[in-house]
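Asks: One file is attached below, coords.cif, containing mmCIF, N, CA, C and O atoms.
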```
data_my_file
loop_
_atom_site.label_atom_id
_atom_site.label_comp_id
_atom_site.auth_asym_id
_atom_site.auth_seq_id
_atom_site.Cartn_x
_atom_site.Cartn_y
_atom_site.Cartn_z
N MET A 1 41.16 -6.12 -72.69
CA MET A 1 40.09 -7.09 -72.69
C MET A 1 38.77 -6.39 -73.00
O MET A 1 38.45 -5.36 -72.44
N ARG A 2 38.00 -6.95 -73.87
CA ARG A 2 36.73 -6.36 -74.25
C ARG A 2 35.62 -6.96 -73.40
O ARG A 2 35.62 -8.14 -73.09
N ASP A 3 34.68 -6.12 -73.07
CA ASP A 3 33.50 -6.55 -72.31
C ASP A 3 32.53 -7.31 -73.20
O ASP A 3 32.39 -7.00 -74.37
N ARG A 4 31.86 -8.26 -72.61
CA ARG A 4 30.70 -8.87 -73.27
C ARG A 4 29.50 -8.02 -72.90
O ARG A 4 29.38 -7.53 -71.77
N TYR A 5 28.61 -7.83 -73.83
CA TYR A 5 27.40 -7.08 -73.58
C TYR A 5 26.25 -8.06 -73.42
O TYR A 5 25.98 -8.85 -74.32
N LEU A 6 25.61 -8.01 -72.27
CA LEU A 6 24.58 -8.97 -71.93
C LEU A 6 23.19 -8.37 -72.09
O LEU A 6 22.98 -7.18 -71.85
N SER A 7 22.25 -9.21 -72.46
CA SER A 7 20.86 -8.78 -72.54
C SER A 7 20.28 -8.75 -71.13
O SER A 7 20.88 -9.27 -70.17
N VAL A 8 19.12 -8.15 -71.00
CA VAL A 8 18.45 -8.09 -69.70
C VAL A 8 18.18 -9.51 -69.19
O VAL A 8 18.37 -9.79 -68.01
N ALA A 9 17.79 -10.39 -70.07
CA ALA A 9 17.52 -11.78 -69.68
C ALA A 9 18.78 -12.46 -69.16
O ALA A 9 18.75 -13.19 -68.16
N GLN A 10 19.91 -12.22 -69.81
CA GLN A 10 21.18 -12.81 -69.37
C GLN A 10 21.60 -12.26 -68.01
O GLN A 10 22.09 -13.00 -67.16
N VAL A 11 21.41 -10.96 -67.81
CA VAL A 11 21.76 -10.34 -66.53
C VAL A 11 20.87 -10.91 -65.42
O VAL A 11 21.35 -11.23 -64.33
N ALA A 12 19.59 -11.05 -65.70
CA ALA A 12 18.66 -11.61 -64.71
C ALA A 12 19.08 -13.03 -64.33
O ALA A 12 19.08 -13.38 -63.14
N GLU A 13 19.46 -13.82 -65.30
CA GLU A 13 19.89 -15.18 -65.01
C GLU A 13 21.19 -15.17 -64.20
O GLU A 13 21.33 -15.94 -63.24
N LEU A 14 22.11 -14.30 -64.55
CA LEU A 14 23.38 -14.20 -63.83
C LEU A 14 23.16 -13.81 -62.38
O LEU A 14 23.80 -14.34 -61.47
N LEU A 15 22.23 -12.89 -62.13
CA LEU A 15 21.94 -12.42 -60.77
C LEU A 15 20.96 -13.33 -60.03
O LEU A 15 20.77 -13.18 -58.83
N GLY A 16 20.32 -14.22 -60.75
CA GLY A 16 19.34 -15.10 -60.13
C GLY A 16 18.05 -14.37 -59.79
O GLY A 16 17.44 -14.65 -58.76
N THR A 17 17.65 -13.43 -60.64
CA THR A 17 16.44 -12.65 -60.41
C THR A 17 15.53 -12.75 -61.64
O THR A 17 15.87 -13.38 -62.62
N THR A 18 14.40 -12.07 -61.55
CA THR A 18 13.54 -11.95 -62.72
C THR A 18 14.09 -10.84 -63.61
O THR A 18 14.96 -10.06 -63.18
N GLN A 19 13.57 -10.72 -64.81
CA GLN A 19 14.01 -9.66 -65.72
C GLN A 19 13.60 -8.28 -65.23
O GLN A 19 14.20 -7.29 -65.59
N ARG A 20 12.61 -8.24 -64.39
CA ARG A 20 12.13 -6.95 -63.87
C ARG A 20 13.22 -6.22 -63.08
O ARG A 20 13.32 -4.99 -63.13
N PHE A 21 14.03 -6.95 -62.32
CA PHE A 21 15.05 -6.33 -61.49
C PHE A 21 16.10 -5.58 -62.32
O PHE A 21 16.35 -4.39 -62.08
N PRO A 22 16.77 -6.22 -63.32
CA PRO A 22 17.73 -5.45 -64.11
C PRO A 22 17.07 -4.31 -64.90
O PRO A 22 17.67 -3.25 -65.08
N ARG A 23 15.84 -4.51 -65.33
CA ARG A 23 15.13 -3.41 -66.01
C ARG A 23 14.93 -2.23 -65.07
O ARG A 23 15.05 -1.07 -65.48
N ARG A 24 14.63 -2.52 -63.80
CA ARG A 24 14.46 -1.44 -62.83
C ARG A 24 15.79 -0.72 -62.57
O ARG A 24 15.83 0.50 -62.44
N LEU A 25 16.90 -1.48 -62.49
CA LEU A 25 18.21 -0.87 -62.31
C LEU A 25 18.52 0.09 -63.46
O LEU A 25 19.07 1.17 -63.25
N VAL A 26 18.16 -0.30 -64.66
CA VAL A 26 18.37 0.54 -65.84
C VAL A 26 17.45 1.76 -65.77
O VAL A 26 17.90 2.89 -65.96
N ALA A 27 16.18 1.56 -65.48
CA ALA A 27 15.21 2.66 -65.45
C ALA A 27 15.57 3.70 -64.39
O ALA A 27 15.39 4.89 -64.60
N GLU A 28 16.10 3.23 -63.26
CA GLU A 28 16.49 4.14 -62.18
C GLU A 28 17.90 4.68 -62.35
O GLU A 28 18.40 5.39 -61.48
N ARG A 29 18.54 4.32 -63.46
CA ARG A 29 19.92 4.75 -63.77
C ARG A 29 20.91 4.37 -62.65
O ARG A 29 21.82 5.10 -62.32
N ARG A 30 20.71 3.18 -62.10
CA ARG A 30 21.59 2.71 -61.03
C ARG A 30 22.79 1.93 -61.59
O ARG A 30 23.75 1.67 -60.86
N ILE A 31 22.71 1.53 -62.86
CA ILE A 31 23.84 0.88 -63.53
C ILE A 31 23.99 1.49 -64.91
O ILE A 31 23.05 2.04 -65.47
N LYS A 32 25.22 1.36 -65.46
CA LYS A 32 25.47 1.82 -66.82
C LYS A 32 24.92 0.80 -67.80
O LYS A 32 24.90 -0.40 -67.53
N TYR A 33 24.48 1.28 -68.94
CA TYR A 33 23.99 0.39 -69.97
C TYR A 33 24.20 1.03 -71.33
O TYR A 33 24.53 2.21 -71.43
N VAL A 34 24.04 0.24 -72.37
CA VAL A 34 24.21 0.70 -73.74
C VAL A 34 22.92 0.44 -74.50
O VAL A 34 22.34 -0.65 -74.37
N LYS A 35 22.46 1.43 -75.23
CA LYS A 35 21.29 1.25 -76.09
C LYS A 35 21.79 0.88 -77.48
O LYS A 35 22.59 1.58 -78.07
N VAL A 36 21.31 -0.23 -78.00
CA VAL A 36 21.62 -0.67 -79.35
C VAL A 36 20.28 -0.71 -80.07
O VAL A 36 19.52 -1.67 -79.93
N GLY A 37 19.99 0.39 -80.76
CA GLY A 37 18.65 0.53 -81.33
C GLY A 37 17.66 0.63 -80.19
O GLY A 37 17.79 1.47 -79.32
N ARG A 38 16.72 -0.27 -80.15
CA ARG A 38 15.77 -0.26 -79.03
C ARG A 38 16.11 -1.29 -77.97
O ARG A 38 15.38 -1.47 -77.00
N HIS A 39 17.23 -1.97 -78.15
CA HIS A 39 17.66 -3.00 -77.20
C HIS A 39 18.59 -2.41 -76.16
O HIS A 39 19.38 -1.51 -76.44
N VAL A 40 18.52 -2.95 -74.96
CA VAL A 40 19.39 -2.54 -73.86
C VAL A 40 20.42 -3.64 -73.66
O VAL A 40 20.08 -4.81 -73.56
N ARG A 41 21.68 -3.26 -73.60
CA ARG A 41 22.76 -4.20 -73.33
C ARG A 41 23.58 -3.66 -72.16
O ARG A 41 23.85 -2.47 -72.07
N ILE A 42 23.97 -4.56 -71.29
CA ILE A 42 24.69 -4.19 -70.08
C ILE A 42 26.06 -4.86 -70.11
O ILE A 42 26.15 -6.09 -70.22
N PRO A 43 27.14 -4.05 -70.00
CA PRO A 43 28.48 -4.64 -69.99
C PRO A 43 28.66 -5.58 -68.79
O PRO A 43 28.21 -5.29 -67.69
N GLU A 44 29.32 -6.69 -69.02
CA GLU A 44 29.54 -7.68 -67.97
C GLU A 44 30.31 -7.08 -66.80
O GLU A 44 30.02 -7.39 -65.64
N SER A 45 31.26 -6.19 -67.07
CA SER A 45 32.04 -5.57 -65.99
C SER A 45 31.16 -4.71 -65.08
O SER A 45 31.42 -4.60 -63.88
N VAL A 46 30.12 -4.11 -65.63
CA VAL A 46 29.21 -3.28 -64.83
C VAL A 46 28.46 -4.16 -63.83
O VAL A 46 28.27 -3.76 -62.67
N ILE A 47 28.08 -5.34 -64.25
CA ILE A 47 27.39 -6.26 -63.34
C ILE A 47 28.33 -6.69 -62.23
O ILE A 47 27.94 -6.74 -61.06
N GLN A 48 29.59 -6.97 -62.56
CA GLN A 48 30.56 -7.36 -61.53
C GLN A 48 30.79 -6.21 -60.55
O GLN A 48 30.87 -6.42 -59.35
N GLU A 49 30.87 -4.98 -61.05
CA GLU A 49 31.02 -3.81 -60.17
C GLU A 49 29.82 -3.67 -59.25
O GLU A 49 29.96 -3.36 -58.07
N TYR A 50 28.62 -3.89 -59.79
CA TYR A 50 27.40 -3.80 -59.00
C TYR A 50 27.41 -4.85 -57.88
O TYR A 50 27.10 -4.56 -56.73
N ILE A 51 27.80 -6.06 -58.22
CA ILE A 51 27.88 -7.14 -57.23
C ILE A 51 28.90 -6.78 -56.15
O ILE A 51 28.64 -6.92 -54.95
N ASP A 52 30.08 -6.32 -56.56
CA ASP A 52 31.13 -5.96 -55.60
C ASP A 52 30.68 -4.83 -54.68
O ASP A 52 30.92 -4.87 -53.47
N ALA A 53 30.02 -3.83 -55.24
CA ALA A 53 29.59 -2.67 -54.45
C ALA A 53 28.48 -3.03 -53.47
O ALA A 53 28.33 -2.36 -52.44
N ASN A 54 27.72 -4.07 -53.74
CA ASN A 54 26.58 -4.42 -52.89
C ASN A 54 26.80 -5.69 -52.08
O ASN A 54 25.86 -6.23 -51.50
N THR A 55 28.03 -6.16 -52.06
CA THR A 55 28.35 -7.34 -51.27
C THR A 55 28.61 -6.93 -49.83
O THR A 55 29.40 -6.02 -49.57
N VAL A 56 27.94 -7.58 -48.90
CA VAL A 56 28.08 -7.27 -47.48
C VAL A 56 29.02 -8.30 -46.87
O VAL A 56 28.79 -9.51 -46.98
N GLN A 57 30.07 -7.80 -46.27
CA GLN A 57 31.05 -8.68 -45.64
C GLN A 57 30.54 -9.13 -44.27
O GLN A 57 29.87 -8.37 -43.57
N PRO A 58 30.87 -10.36 -43.86
CA PRO A 58 30.41 -10.83 -42.55
C PRO A 58 31.11 -10.08 -41.42
O PRO A 58 32.24 -9.61 -41.58
N VAL A 59 30.42 -9.96 -40.32
CA VAL A 59 30.96 -9.28 -39.15
C VAL A 59 31.69 -10.33 -38.32
O VAL A 59 31.19 -11.43 -38.10
N GLN A 60 32.86 -9.95 -37.85
CA GLN A 60 33.61 -10.85 -36.99
C GLN A 60 32.98 -10.85 -35.61
O GLN A 60 32.75 -9.79 -35.04
N PRO A 61 32.66 -12.02 -35.08
CA PRO A 61 32.05 -12.05 -33.74
C PRO A 61 33.04 -11.56 -32.69
O PRO A 61 34.25 -11.77 -32.81
N ARG A 62 32.50 -10.85 -31.73
CA ARG A 62 33.35 -10.36 -30.64
C ARG A 62 33.75 -11.52 -29.75
O ARG A 62 32.97 -12.42 -29.48
N ARG A 63 34.97 -11.44 -29.29
CA ARG A 63 35.43 -12.45 -28.36
C ARG A 63 34.98 -12.06 -26.97
O ARG A 63 35.14 -10.93 -26.55
N ARG A 64 34.39 -12.98 -26.33
CA ARG A 64 33.95 -12.72 -24.96
C ARG A 64 35.14 -12.90 -24.03
O ARG A 64 35.87 -13.87 -24.13
N HIS A 65 35.28 -11.95 -23.17
CA HIS A 65 36.36 -12.04 -22.18
C HIS A 65 35.85 -12.82 -20.98
O HIS A 65 34.87 -12.44 -20.35
N LEU A 66 36.50 -13.89 -20.71
CA LEU A 66 36.10 -14.72 -19.56
C LEU A 66 36.80 -14.19 -18.32
O LEU A 66 38.00 -13.89 -18.33
N ARG A 67 36.04 -14.06 -17.28
CA ARG A 67 36.63 -13.62 -16.01
C ARG A 67 37.29 -14.82 -15.32
O ARG A 67 36.76 -15.91 -15.32
N ARG A 68 38.40 -14.52 -14.74
CA ARG A 68 39.06 -15.58 -13.97
C ARG A 68 38.43 -15.64 -12.59
O ARG A 68 38.10 -14.63 -12.00
N ALA A 69 38.32 -16.83 -12.12
CA ALA A 69 37.79 -17.01 -10.77
C ALA A 69 38.84 -16.55 -9.78
O ALA A 69 40.02 -16.89 -9.89
N ALA A 70 38.43 -15.76 -8.83
CA ALA A 70 39.39 -15.22 -7.85
C ALA A 70 39.52 -16.11 -6.66
O ALA A 70 38.78 -16.89 -6.27
#
```
With the file now loaded, output its structure as structure tokens.
Replies:
Amino acid sequence: MRDRYLSVAQVAELLGTTQRFPRRLVAERRIKYVKVGRHVRIPESVIQEYIDANTVQPVQPRRRHLRRAA
């Protein structure tokens, strides 16, 4: 399967952020990207990996132990 290469604007829309956020990820080398001339393209799989790596799972609430009346 071939990856789709997304523009910064497409990545921002996918993540629900401004374009500044994906540009910062690229500038800080926090995600992989491809330079096509002067354009930056980000593989769709890289965005999914980023989402998976930064997803926080919910904590299971502790069960309270009820004391029995003596």
Asks: To one decimal in Å, tell me the separation between CA of Ser45 in chain A and atom O of Val59 in chain A.
Replies: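 According to the coordinates, CA of Ser45 in chain A and atom O of Val59 in chain A are separated by 28.5 Å.
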Asks: Just how far from atom O of Ser7 in chain A is atom N of Gln19 in chain A, in Å to one decimal?
Replies: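 Atom-to-atom, atom N of Gln19 in chain A to atom O of Ser7 in chain A, that is 9.2 Å.
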Asks: Rounded to one decimal in Å, what is the spacing between atom N of Leu15 in chain A and atom N of Ile47 in chain A?
Replies: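 So the answer is 9.8 Å.
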Asks: Identify which of the residues A:Gly16, A:Leu6, A:Pro58, A:Lys32 lies closest to Val46 in chain A, counting only C-alpha atoms when measuring atom-to-atom distances.
Replies: A:Lys32
Asks: As a list in words, please: all residues of range 30-70 of chain A that backbone DSSP puts in alpha helix (DSSP H).
Replies: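 Output for range 30-70 of chain A, alpha helix (DSSP H) only: Glu44, Ser45, Val46, Ile47, Gln48, Glu49, Tyr50, Ile51, Asp52 and Ala53 of chain A.
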Asks: Measuring atom to atom with only N, CA, C and O atoms, identify which of A:Arg63, A:Glu44, A:Leu25, A:Ile31 is nearest to Arg2 in chain A.
Replies: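 When distances to Arg2 in chain A are compared using only N, CA, C and O atoms, the smallest one comes from A:Glu44.
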Asks: Please fill the gaps in range 34-45 of chain A so it has all heavy atoms, and write that as an mmCIF file, keeping the file's coordinate frame.
Replies:
```
data_model
loop_
_atom_site.group_PDB
_atom_site.id
_atom_site.type_symbol
_atom_site.label_atom_id
_atom_site.label_comp_id
_atom_site.auth_asym_id
_atom_site.auth_seq_id
_atom_site.Cartn_x
_atom_site.Cartn_y
_atom_site.Cartn_z
ATOM 1 N N VAL A 34 24.040 0.240 -72.370
ATOM 2 C CA VAL A 34 24.210 0.700 -73.740
ATOM 3 C C VAL A 34 22.920 0.440 -74.500
ATOM 4 O O VAL A 34 22.340 -0.650 -74.370
ATOM 5 C CB VAL A 34 25.374 -0.055 -74.430
ATOM 6 C CG1 VAL A 34 25.525 0.367 -75.870
ATOM 7 C CG2 VAL A 34 26.667 0.137 -73.658
ATOM 8 N N LYS A 35 22.460 1.430 -75.230
ATOM 9 C CA LYS A 35 21.290 1.250 -76.090
ATOM 10 C C LYS A 35 21.790 0.880 -77.480
ATOM 11 O O LYS A 35 22.590 1.580 -78.070
ATOM 12 C CB LYS A 35 20.460 2.531 -76.177
ATOM 13 C CG LYS A 35 19.755 2.922 -74.900
ATOM 14 C CD LYS A 35 18.472 2.176 -74.702
ATOM 15 C CE LYS A 35 17.441 2.661 -75.682
ATOM 16 N NZ LYS A 35 16.106 2.225 -75.411
ATOM 17 N N VAL A 36 21.310 -0.230 -78.000
ATOM 18 C CA VAL A 36 21.620 -0.670 -79.350
ATOM 19 C C VAL A 36 20.280 -0.710 -80.070
ATOM 20 O O VAL A 36 19.520 -1.670 -79.930
ATOM 21 C CB VAL A 36 22.301 -2.057 -79.368
ATOM 22 C CG1 VAL A 36 22.639 -2.469 -80.783
ATOM 23 C CG2 VAL A 36 23.538 -2.063 -78.481
ATOM 24 N N GLY A 37 19.990 0.390 -80.760
ATOM 25 C CA GLY A 37 18.650 0.530 -81.330
ATOM 26 C C GLY A 37 17.660 0.630 -80.190
ATOM 27 O O GLY A 37 17.790 1.470 -79.320
ATOM 28 N N ARG A 38 16.720 -0.270 -80.150
ATOM 29 C CA ARG A 38 15.770 -0.260 -79.030
ATOM 30 C C ARG A 38 16.110 -1.290 -77.970
ATOM 31 O O ARG A 38 15.380 -1.470 -77.000
ATOM 32 C CB ARG A 38 14.355 -0.476 -79.556
ATOM 33 C CG ARG A 38 14.137 -1.797 -80.211
ATOM 34 C CD ARG A 38 12.749 -1.882 -80.847
ATOM 35 N NE ARG A 38 12.470 -3.259 -81.212
ATOM 36 C CZ ARG A 38 11.404 -3.923 -80.820
ATOM 37 N NH1 ARG A 38 10.501 -3.340 -80.073
ATOM 38 N NH2 ARG A 38 11.231 -5.162 -81.187
ATOM 39 N N HIS A 39 17.230 -1.970 -78.150
ATOM 40 C CA HIS A 39 17.660 -3.000 -77.200
ATOM 41 C C HIS A 39 18.590 -2.410 -76.160
ATOM 42 O O HIS A 39 19.380 -1.510 -76.440
ATOM 43 C CB HIS A 39 18.389 -4.134 -77.933
ATOM 44 C CG HIS A 39 17.546 -4.785 -78.979
ATOM 45 N ND1 HIS A 39 16.566 -5.703 -78.690
ATOM 46 C CD2 HIS A 39 17.521 -4.626 -80.324
ATOM 47 C CE1 HIS A 39 15.987 -6.089 -79.796
ATOM 48 N NE2 HIS A 39 16.544 -5.448 -80.823
ATOM 49 N N VAL A 40 18.520 -2.950 -74.960
ATOM 50 C CA VAL A 40 19.390 -2.540 -73.860
ATOM 51 C C VAL A 40 20.420 -3.640 -73.660
ATOM 52 O O VAL A 40 20.080 -4.810 -73.560
ATOM 53 C CB VAL A 40 18.583 -2.326 -72.556
ATOM 54 C CG1 VAL A 40 19.503 -2.096 -71.375
ATOM 55 C CG2 VAL A 40 17.616 -1.168 -72.722
ATOM 56 N N ARG A 41 21.680 -3.260 -73.600
ATOM 57 C CA ARG A 41 22.760 -4.200 -73.330
ATOM 58 C C ARG A 41 23.580 -3.660 -72.160
ATOM 59 O O ARG A 41 23.850 -2.470 -72.070
ATOM 60 C CB ARG A 41 23.670 -4.389 -74.552
ATOM 61 C CG ARG A 41 22.966 -5.016 -75.739
ATOM 62 C CD ARG A 41 22.559 -6.450 -75.434
ATOM 63 N NE ARG A 41 21.883 -7.081 -76.552
ATOM 64 C CZ ARG A 41 20.594 -7.330 -76.592
ATOM 65 N NH1 ARG A 41 19.819 -6.980 -75.589
ATOM 66 N NH2 ARG A 41 20.052 -7.931 -77.632
ATOM 67 N N ILE A 42 23.970 -4.560 -71.290
ATOM 68 C CA ILE A 42 24.690 -4.190 -70.080
ATOM 69 C C ILE A 42 26.060 -4.860 -70.110
ATOM 70 O O ILE A 42 26.150 -6.090 -70.220
ATOM 71 C CB ILE A 42 23.896 -4.626 -68.835
ATOM 72 C CG1 ILE A 42 22.497 -3.981 -68.876
ATOM 73 C CG2 ILE A 42 24.631 -4.248 -67.557
ATOM 74 C CD1 ILE A 42 21.504 -4.571 -67.917
ATOM 75 N N PRO A 43 27.140 -4.050 -70.000
ATOM 76 C CA PRO A 43 28.480 -4.640 -69.990
ATOM 77 C C PRO A 43 28.660 -5.580 -68.790
ATOM 78 O O PRO A 43 28.210 -5.290 -67.690
ATOM 79 C CB PRO A 43 29.412 -3.448 -69.894
ATOM 80 C CG PRO A 43 28.597 -2.285 -70.354
ATOM 81 C CD PRO A 43 27.195 -2.595 -69.965
ATOM 82 N N GLU A 44 29.320 -6.690 -69.020
ATOM 83 C CA GLU A 44 29.540 -7.680 -67.970
ATOM 84 C C GLU A 44 30.310 -7.080 -66.800
ATOM 85 O O GLU A 44 30.020 -7.390 -65.640
ATOM 86 C CB GLU A 44 30.298 -8.873 -68.556
ATOM 87 C CG GLU A 44 30.227 -10.112 -67.735
ATOM 88 C CD GLU A 44 30.741 -11.325 -68.486
ATOM 89 O OE1 GLU A 44 31.542 -11.172 -69.424
ATOM 90 O OE2 GLU A 44 30.317 -12.428 -68.123
ATOM 91 N N SER A 45 31.260 -6.190 -67.070
ATOM 92 C CA SER A 45 32.040 -5.570 -65.990
ATOM 93 C C SER A 45 31.160 -4.710 -65.080
ATOM 94 O O SER A 45 31.420 -4.600 -63.880
ATOM 95 C CB SER A 45 33.182 -4.733 -66.557
ATOM 96 O OG SER A 45 32.669 -3.647 -67.306
#
```
